[in-house]
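protein-v3.csv follows; it contains CSV, C-alpha atoms.
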chain,number,residue,atom,x,y,z
A,1,MET,CA,88.6,107.8,132.4
A,2,GLU,CA,90.7,111.0,132.6
A,3,LYS,CA,93.2,109.2,134.8
A,4,ASP,CA,93.4,106.5,132.1
A,5,ILE,CA,94.2,109.1,129.5
A,6,LYS,CA,97.0,110.6,131.6
A,7,ASN,CA,98.4,107.2,132.2
A,8,TRP,CA,98.2,106.3,128.5
A,9,GLN,CA,99.8,109.6,127.6
A,10,ASN,CA,102.8,108.9,129.9
A,11,LEU,CA,103.2,105.4,128.5
A,12,TRP,CA,102.7,106.7,124.9
A,13,LYS,CA,105.5,109.3,125.3
A,14,GLU,CA,107.9,106.6,126.5
A,15,GLU,CA,108.6,105.7,122.9
A,16,LYS,CA,111.2,107.8,121.1
A,17,SER,CA,112.5,107.8,117.6
A,18,THR,CA,115.9,106.1,116.9
A,19,PRO,CA,118.6,108.8,116.6
A,20,LEU,CA,119.5,109.4,113.0
A,21,ASP,CA,122.7,111.0,111.5
A,22,LEU,CA,121.0,114.2,110.3
A,23,ARG,CA,123.9,115.1,107.9
A,24,LYS,CA,123.6,111.8,106.2
A,25,LEU,CA,119.9,112.0,106.1
A,26,ILE,CA,119.9,115.5,104.5
A,27,THR,CA,122.5,114.3,101.9
A,28,HIS,CA,120.2,111.3,101.1
A,29,LEU,CA,117.1,113.6,100.8
A,30,ASN,CA,119.0,115.9,98.5
A,31,LYS,CA,119.9,112.9,96.3
A,32,ILE,CA,116.3,111.7,96.2
A,33,GLU,CA,115.1,115.2,95.3
A,34,LYS,CA,117.5,115.6,92.5
A,35,LYS,CA,116.7,112.1,91.2
A,36,GLY,CA,112.9,113.0,91.3
A,37,LYS,CA,113.5,116.2,89.4
A,38,LEU,CA,115.6,114.5,86.8
A,39,GLU,CA,112.9,111.8,86.3
A,40,ARG,CA,110.3,114.4,85.8
A,41,ILE,CA,112.4,116.4,83.3
A,42,ILE,CA,113.2,113.2,81.4
A,43,LEU,CA,109.5,112.3,81.3
A,44,LEU,CA,108.5,115.8,80.2
A,45,VAL,CA,111.1,116.4,77.5
A,46,ALA,CA,111.8,112.9,76.1
A,47,VAL,CA,108.8,112.8,73.8
A,48,PRO,CA,109.0,116.4,72.4
A,49,ILE,CA,112.8,115.9,71.9
A,50,THR,CA,112.2,112.6,70.1
A,51,ILE,CA,109.6,114.3,67.8
A,52,ILE,CA,111.8,117.3,67.1
A,53,VAL,CA,114.8,115.0,66.3
A,54,LEU,CA,112.6,112.8,64.0
A,55,ALA,CA,111.2,115.9,62.3
A,56,THR,CA,114.6,117.3,61.6
A,57,LEU,CA,116.5,114.2,60.7
A,58,LEU,CA,114.1,112.0,58.8
A,59,PRO,CA,113.5,113.0,55.2
A,60,VAL,CA,110.3,110.9,55.1
A,61,LEU,CA,108.6,113.7,57.0
A,62,SER,CA,108.6,115.8,53.9
A,63,ASN,CA,105.8,113.5,52.9
A,64,ILE,CA,102.4,114.7,54.1
A,65,TYR,CA,101.1,111.1,54.9
A,66,TYR,CA,104.1,110.4,57.1
A,67,SER,CA,103.9,113.8,58.8
A,68,ILE,CA,100.2,113.2,59.7
A,69,SER,CA,101.0,109.7,60.9
A,70,ILE,CA,103.8,110.9,63.2
A,71,ILE,CA,101.7,113.8,64.5
A,72,LEU,CA,98.8,111.4,65.4
A,73,ILE,CA,101.0,108.8,67.0
A,74,SER,CA,103.0,111.5,69.0
A,75,PHE,CA,99.8,113.1,70.2
A,76,ALA,CA,98.5,109.7,71.4
A,77,MET,CA,101.7,109.0,73.2
A,78,MET,CA,101.8,112.5,74.8
A,79,MET,CA,98.2,112.0,76.0
A,80,ILE,CA,99.1,108.8,77.8
A,81,LEU,CA,102.3,110.2,79.2
A,82,ILE,CA,100.5,113.3,80.6
A,83,GLN,CA,97.9,111.0,82.2
A,84,SER,CA,100.6,108.9,83.9
A,85,TYR,CA,102.6,111.9,84.9
A,86,ARG,CA,99.6,113.5,86.6
A,87,SER,CA,98.7,110.3,88.6
A,88,LYS,CA,102.4,109.8,89.6
A,89,TYR,CA,103.5,113.2,90.8
A,90,SER,CA,100.5,115.2,92.1
A,91,LEU,CA,100.2,113.2,95.3
A,92,ILE,CA,103.2,114.9,97.0
A,93,SER,CA,101.8,118.4,97.7
A,94,ASN,CA,98.3,117.3,98.6
A,95,GLY,CA,99.5,115.1,101.5
A,96,ALA,CA,100.5,118.3,103.3
A,97,GLU,CA,97.5,120.5,102.3
A,98,LEU,CA,94.5,118.2,102.7
A,99,ASN,CA,93.0,116.8,105.9
A,100,ASN,CA,92.6,113.0,106.1
A,101,ASN,CA,89.0,113.0,104.9
A,102,LYS,CA,89.7,115.1,101.8
A,103,TYR,CA,92.9,113.2,101.2
A,104,ILE,CA,91.1,109.8,101.2
A,105,LYS,CA,88.6,111.3,98.8
A,106,TYR,CA,91.5,112.5,96.7
A,107,LEU,CA,93.1,109.1,96.7
A,108,ILE,CA,89.8,107.5,95.6
A,109,HIS,CA,89.5,110.1,92.8
A,110,LYS,CA,93.1,109.3,91.7
A,111,LEU,CA,92.5,105.6,91.7
A,112,LYS,CA,89.3,106.0,89.7
A,113,GLN,CA,91.2,108.2,87.3
A,114,ARG,CA,93.8,105.5,86.8
A,115,MET,CA,91.0,103.1,85.9
A,116,LEU,CA,89.7,105.6,83.5
A,117,THR,CA,93.1,105.8,81.8
A,118,THR,CA,92.8,102.1,81.0
A,119,SER,CA,89.2,102.1,80.0
A,120,ARG,CA,88.9,105.4,78.1
A,121,TYR,CA,92.3,106.9,77.3
A,122,MET,CA,93.8,103.6,76.1
A,123,TRP,CA,91.0,103.2,73.6
A,124,LEU,CA,91.5,106.8,72.4
A,125,TYR,CA,95.2,106.0,72.2
A,126,THR,CA,94.4,102.8,70.1
A,127,PHE,CA,92.2,104.8,67.8
A,128,LEU,CA,94.9,107.5,67.2
A,129,LEU,CA,97.6,104.8,66.8
A,130,VAL,CA,95.6,102.8,64.3
A,131,LEU,CA,94.6,105.9,62.4
A,132,GLY,CA,98.2,107.2,62.4
A,133,ILE,CA,99.7,104.0,61.1
A,134,ASN,CA,97.0,103.6,58.5
A,135,VAL,CA,97.6,107.1,57.2
A,136,GLY,CA,101.3,106.2,57.0
A,137,TYR,CA,100.6,103.0,55.1
A,138,ILE,CA,98.5,104.9,52.4
A,139,ASP,CA,101.7,106.1,50.9
A,140,ILE,CA,103.7,102.9,51.4
A,141,LEU,CA,101.0,100.8,49.7
A,142,GLN,CA,100.6,103.3,46.8
A,143,LYS,CA,104.2,102.5,45.8
A,144,PHE,CA,103.5,98.8,45.4
A,145,ASN,CA,101.1,99.3,42.5
A,146,ILE,CA,98.3,97.1,43.8
A,147,SER,CA,94.6,97.5,43.3
A,148,ILE,CA,92.5,99.7,45.6
A,149,ILE,CA,90.5,96.6,46.9
A,150,VAL,CA,93.7,94.8,48.0
A,151,ARG,CA,94.9,98.0,49.7
A,152,ILE,CA,91.7,98.4,51.6
A,153,ILE,CA,91.9,94.7,52.6
A,154,ILE,CA,95.4,95.3,53.9
A,155,HIS,CA,94.3,98.3,55.9
A,156,LEU,CA,91.3,96.4,57.3
A,157,ILE,CA,93.4,93.4,58.3
A,158,PHE,CA,96.0,95.6,59.9
A,159,THR,CA,93.3,97.6,61.8
A,160,VAL,CA,91.5,94.4,63.0
A,161,LEU,CA,94.9,92.9,64.2
A,162,MET,CA,95.8,96.1,66.0
A,163,ILE,CA,92.4,96.4,67.7
A,164,CYS,CA,92.5,92.7,68.7
A,165,ALA,CA,96.0,93.2,70.2
A,166,MET,CA,95.0,96.3,72.0
A,167,TYR,CA,91.7,94.8,73.2
A,168,TYR,CA,93.6,91.9,74.7
A,169,SER,CA,96.1,94.3,76.4
A,170,ILE,CA,93.4,96.6,77.7
A,171,GLU,CA,91.3,93.8,79.0
A,172,LYS,CA,94.3,92.3,80.8
A,173,ARG,CA,95.0,95.6,82.4
A,174,LYS,CA,91.4,96.1,83.3
A,175,LYS,CA,91.4,92.7,85.0
A,176,GLU,CA,94.5,93.7,87.0
A,177,ASN,CA,92.8,96.9,88.0
A,178,ASN,CA,89.7,95.1,89.1
A,179,ASN,CA,91.9,92.9,91.3
A,180,GLY,CA,94.1,95.6,92.6
A,181,ILE,CA,92.4,99.0,92.5
A,182,LEU,CA,88.8,98.1,93.2
A,183,PRO,CA,89.5,96.5,96.6
A,184,LEU,CA,91.6,99.5,97.4
A,185,ILE,CA,88.8,101.9,96.5
A,186,ASP,CA,86.6,99.8,98.7
A,187,PHE,CA,89.1,99.8,101.5
A,188,LEU,CA,89.5,103.6,101.3
A,189,GLU,CA,85.7,104.2,101.2
A,190,ASN,CA,85.3,102.2,104.4
A,191,LEU,CA,88.0,104.1,106.3
A,192,ASN,CA,85.8,106.7,107.8
B,1,MET,CA,119.3,125.0,99.8
B,2,LYS,CA,121.2,125.8,103.0
B,3,ASN,CA,118.1,127.6,104.3
B,4,LYS,CA,116.0,124.5,103.5
B,5,GLU,CA,118.4,122.3,105.4
B,6,GLN,CA,118.3,124.6,108.4
B,7,LYS,CA,114.5,124.6,108.3
B,8,PHE,CA,114.5,120.8,108.0
B,9,LYS,CA,116.8,120.4,111.0
B,10,ILE,CA,114.6,122.5,113.2
B,11,VAL,CA,111.4,120.7,112.1
B,12,TYR,CA,113.1,117.3,112.6
B,13,GLU,CA,114.4,118.1,116.1
B,14,GLN,CA,111.0,119.5,117.1
B,15,SER,CA,108.8,116.7,115.7
B,16,LYS,CA,110.8,113.5,115.3
B,17,ASP,CA,109.5,111.8,118.4
B,18,LYS,CA,105.9,112.9,117.9
B,19,VAL,CA,105.9,111.7,114.3
B,20,TYR,CA,107.6,108.4,115.2
B,21,ARG,CA,105.0,107.7,117.9
B,22,LEU,CA,102.2,108.3,115.5
B,23,CYS,CA,103.9,106.0,113.0
B,24,LEU,CA,104.3,103.3,115.6
B,25,GLY,CA,100.7,103.7,116.9
B,26,PHE,CA,99.5,103.4,113.3
B,27,MET,CA,101.6,100.6,112.0
B,28,GLY,CA,101.8,98.6,115.2
B,29,ASN,CA,105.4,97.3,114.7
B,30,LYS,CA,108.8,98.9,114.6
B,31,THR,CA,109.9,97.8,111.2
B,32,ASP,CA,106.8,99.2,109.4
B,33,ALA,CA,106.9,102.3,111.7
B,34,ASP,CA,110.5,103.0,110.7
B,35,ASP,CA,109.6,102.7,107.0
B,36,LEU,CA,106.7,105.0,107.5
B,37,PHE,CA,108.8,107.5,109.5
B,38,GLN,CA,111.4,107.6,106.7
B,39,GLU,CA,108.6,108.2,104.1
B,40,VAL,CA,107.2,111.0,106.2
B,41,LEU,CA,110.7,112.7,106.4
B,42,ILE,CA,110.9,112.5,102.6
B,43,LYS,CA,107.5,114.1,102.3
B,44,VAL,CA,108.4,116.8,104.9
B,45,TRP,CA,111.5,117.6,102.9
B,46,ASN,CA,109.7,117.7,99.6
B,47,ASN,CA,107.0,120.0,100.9
B,48,LEU,CA,109.1,122.2,103.1
B,49,ASP,CA,109.4,125.0,100.5
B,50,ALA,CA,105.6,125.1,100.3
B,51,PHE,CA,105.1,125.4,104.0
B,52,ARG,CA,103.7,128.8,105.0
B,53,ASN,CA,105.0,130.1,108.3
B,54,GLU,CA,101.7,131.4,109.4
B,55,SER,CA,100.3,127.8,109.6
B,56,ASN,CA,100.9,125.7,112.7
B,57,ILE,CA,103.9,123.5,112.1
B,58,ASP,CA,102.5,120.7,114.2
B,59,THR,CA,99.2,120.6,112.4
B,60,TRP,CA,101.1,120.6,109.1
B,61,ILE,CA,103.5,117.8,110.0
B,62,TYR,CA,100.6,115.7,111.6
B,63,ARG,CA,98.7,116.0,108.3
B,64,ILE,CA,101.7,114.8,106.4
B,65,THR,CA,102.2,111.9,108.8
B,66,THR,CA,98.6,110.7,108.9
B,67,ASN,CA,98.1,111.1,105.1
B,68,THR,CA,101.3,109.3,104.4
B,69,ALA,CA,100.2,106.6,106.9
B,70,LEU,CA,96.9,106.2,105.0
B,71,LEU,CA,98.8,106.1,101.7
B,72,THR,CA,101.2,103.5,103.0
B,73,LEU,CA,98.5,101.3,104.3
B,74,ASN,CA,96.7,101.7,101.0
B,75,ARG,CA,99.9,100.6,99.2
B,76,LYS,CA,100.5,97.7,101.7
B,77,THR,CA,97.0,96.5,101.2
B,78,LYS,CA,97.6,96.5,97.4
B,79,LEU,CA,100.9,94.7,97.5
B,80,ASN,CA,100.5,92.3,100.4
B,81,LYS,CA,96.8,91.7,100.6
B,82,LYS,CA,97.2,88.0,101.3
B,83,GLU,CA,100.1,88.7,103.7
B,84,ILE,CA,98.1,91.2,105.7
B,85,ASP,CA,95.2,88.8,106.0
B,86,TYR,CA,97.2,86.2,107.7
B,87,GLN,CA,99.3,88.7,109.6
B,88,THR,CA,96.4,90.0,111.6
B,89,ASN,CA,96.8,87.0,114.0
B,90,ILE,CA,100.5,87.7,114.5
B,91,PRO,CA,101.3,89.8,117.6
B,92,HIS,CA,102.9,93.1,116.6
B,93,TYR,CA,105.2,93.1,119.6
B,94,GLU,CA,106.8,90.3,121.4
B,95,ILE,CA,105.0,91.1,124.6
B,96,GLU,CA,106.4,88.2,126.5
B,97,ASN,CA,110.0,89.4,126.1
B,98,LEU,CA,111.8,88.4,129.3
B,99,ASN,CA,114.2,91.3,129.3
B,100,SER,CA,111.6,94.0,129.3
B,101,THR,CA,110.5,95.8,132.4
B,102,ASP,CA,106.9,96.1,133.5
B,103,LYS,CA,106.7,99.6,132.2
B,104,GLU,CA,108.1,98.5,128.8
B,105,GLN,CA,105.5,95.8,128.7
B,106,GLU,CA,102.8,98.3,129.4
B,107,VAL,CA,104.0,100.6,126.6
B,108,LYS,CA,104.0,97.7,124.2
B,109,LYS,CA,100.6,96.7,125.2
B,110,LEU,CA,99.3,100.2,124.7
B,111,TYR,CA,100.8,100.5,121.2
B,112,LEU,CA,99.5,97.1,120.3
B,113,ALA,CA,96.0,97.9,121.5
B,114,ILE,CA,96.1,101.2,119.5
B,115,SER,CA,97.3,99.5,116.3
B,116,LEU,CA,94.3,97.1,116.4
B,117,LEU,CA,91.8,100.0,116.3
B,118,LYS,CA,90.2,101.2,113.0
B,119,GLU,CA,92.7,103.3,111.0
B,120,ILE,CA,91.1,106.7,111.6
B,121,ASP,CA,90.7,105.9,115.3
B,122,ARG,CA,94.4,105.1,115.5
B,123,ILE,CA,95.1,108.6,114.1
B,124,ILE,CA,92.6,110.3,116.5
B,125,ILE,CA,93.9,108.6,119.7
B,126,GLY,CA,97.5,109.2,118.6
B,127,LEU,CA,96.8,112.9,118.1
B,128,LEU,CA,95.0,113.0,121.5
B,129,LEU,CA,97.9,111.4,123.3
B,130,GLU,CA,100.2,114.0,121.7
B,131,ASN,CA,98.0,116.7,123.4
B,132,CYS,CA,96.2,117.9,120.3
B,133,SER,CA,92.9,119.7,121.0
B,134,TYR,CA,89.6,118.4,119.6
B,135,ASP,CA,89.7,121.3,117.1
B,136,ASP,CA,93.2,120.4,116.0
B,137,ILE,CA,92.2,116.8,115.6
B,138,SER,CA,89.1,117.9,113.6
B,139,ASN,CA,91.4,120.1,111.4
B,140,ILE,CA,93.8,117.2,110.7
B,141,THR,CA,91.2,114.4,110.2
B,142,GLY,CA,88.5,116.5,108.5
B,143,LEU,CA,85.9,115.2,111.0
B,144,LYS,CA,83.5,117.6,112.8
B,145,THR,CA,84.7,118.5,116.3
B,146,SER,CA,81.5,117.0,117.8
B,147,ASN,CA,82.2,113.8,115.9
B,148,VAL,CA,85.8,113.8,117.2
B,149,GLY,CA,84.4,113.9,120.8
B,150,VAL,CA,82.0,111.0,120.2
B,151,ARG,CA,84.7,108.9,118.6
B,152,ILE,CA,87.2,109.7,121.4
B,153,ASN,CA,84.7,108.5,124.0
B,154,ARG,CA,84.2,105.3,122.0
B,155,ILE,CA,88.0,104.8,121.6
B,156,LYS,CA,88.6,105.3,125.3
B,157,LYS,CA,86.1,102.6,126.2
B,158,THR,CA,87.6,100.2,123.6
B,159,LEU,CA,91.1,100.8,124.8
B,160,SER,CA,90.2,100.5,128.5
B,161,LYS,CA,88.6,97.1,127.7
B,162,LYS,CA,91.6,96.0,125.7
B,163,LEU,CA,94.1,97.1,128.3
B,164,LYS,CA,92.5,95.5,131.3
Exercise: express the given structure as structure tokens:
Amino acid sequence: MEKDIKNWQNLWKEEKSTPLDLRKLITHLNKIEKKGKLERIILLVAVPITIIVLATLLPVLSNIYYSISIILISFAMMMILIQSYRSKYSLISNGAELNNNKYIKYLIHKLKQRMLTTSRYMWLYTFLLVLGINVGYIDILQKFNISIIVRIIIHLIFTVLMICAMYYSIEKRKKENNNGILPLIDFLENLN
Amino acid sequence: MKNKEQKFKIVYEQSKDKVYRLCLGFMGNKTDADDLFQEVLIKVWNNLDAFRNESNIDTWIYRITTNTALLTLNRKTKLNKKEIDYQTNIPHYEIENLNSTDKEQEVKKLYLAISLLKEIDRIIIGLLLENCSYDDISNITGLKTSNVGVRINRIKKTLSKKLK
């Protein structure tokens, strides 16, 4: 058997990598790194900048209803963005630090977290979005001089429509997850 | 940045063939191995600043390679599940290539046989053929050293059968 191993080792080492132009490669790697950094910066600063710009430019924000509405919606968006950011960028360093076994467990954890984003965080997002928009509408509807009952009905119709739309979207994404992520989790769990 | 480039050049020159062989053994064909190899180089570059000199560079780079391989396979399974299902019957190498010598045929046969093993077994045998000790393999894979020994014996038997 030891002879076999020696023989396999000799054969194994016959394969060599194709020579690469190292200067070109490094230039390319620098470009990728810069692009990655830029993407992260854009993702991290885009939302706060949008909020600040809105807060400074829009006079509607002097109204308490609109302010609450914008804060709620921004908070919901930030929550989803942070979740996506975490699942997208934290894989890089762990690939070098963790052994295969821990890395597989880590991948499984990440995939489960992605499923959780759909099932839990998206509903939280929906709740905040519906609440935020409804708060904004309180002031808009007040200006139309309509009865409280009609206003409540409008709020209810809007809420139901939003929930239905989000339900459809979340269920669709859940279905995609079930088809794509669940087999992956299963595959990774069976690797060892 | 210059320091990083220097460091990368050294790591690249030292490890390129070892990494490429692991990629080829894992993926089983040159196209996928090249893609994986490039991905590993990107990861090495991205993680180079975090590498601590007191750690063993080989162990570090093998970890990146094997974890990237697992991640790539994971992604491939997601994207091309149907494709992979039918590809299992397609030979990874054109073994009957008339221009190749006997030795080249043997090399191809070995890589093909390895690529048909279970994923973790491909990593273990690849590392063994790169002269890694059982302890190093245990360190990279996260398996216990005793378990590594048992698996290596099993892999040797399987490979011997396949290569006869």
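Comparing the minimum interatomic distances between chain A and each of B:Asp58, B:Asp102, B:Asp17, B:Glu39, counting all atoms listed in the file, we find that B:Asp17 sits nearest.
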Practice problem: Report as a PyMOL selection string the set of chain A residues whose atoms approach chain B to within 8 Å, with distances computed over all atoms listed in the file. | Solution: chain A and resi 1+4-5+8-9+11-17+22+26+29+33+92-93+95-104+180-181+184+187-188+191-192
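Straight-line separation from atom CA of Ile51 of chain A to atom CA of Tyr85 of chain A: 18.6 Å.
The interatomic distance for the pair atom CA of Leu128 of chain A and atom CA of Ser74 of chain A works out to 9.2 Å.
As for atom CA of Val148 of chain B and atom CA of Ile124 of chain B, they are spaced 7.7 Å apart.
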Quiz item: Contacts of segment 123-127 of chain A at 9 Å or less, counting all atoms listed in the file, minus same-chain residues fewer than 3 places along, as a PyMOL selection string?
Solution: chain A and resi 73+75-77+79-80+117-120+130-132+162-163+166-167+170
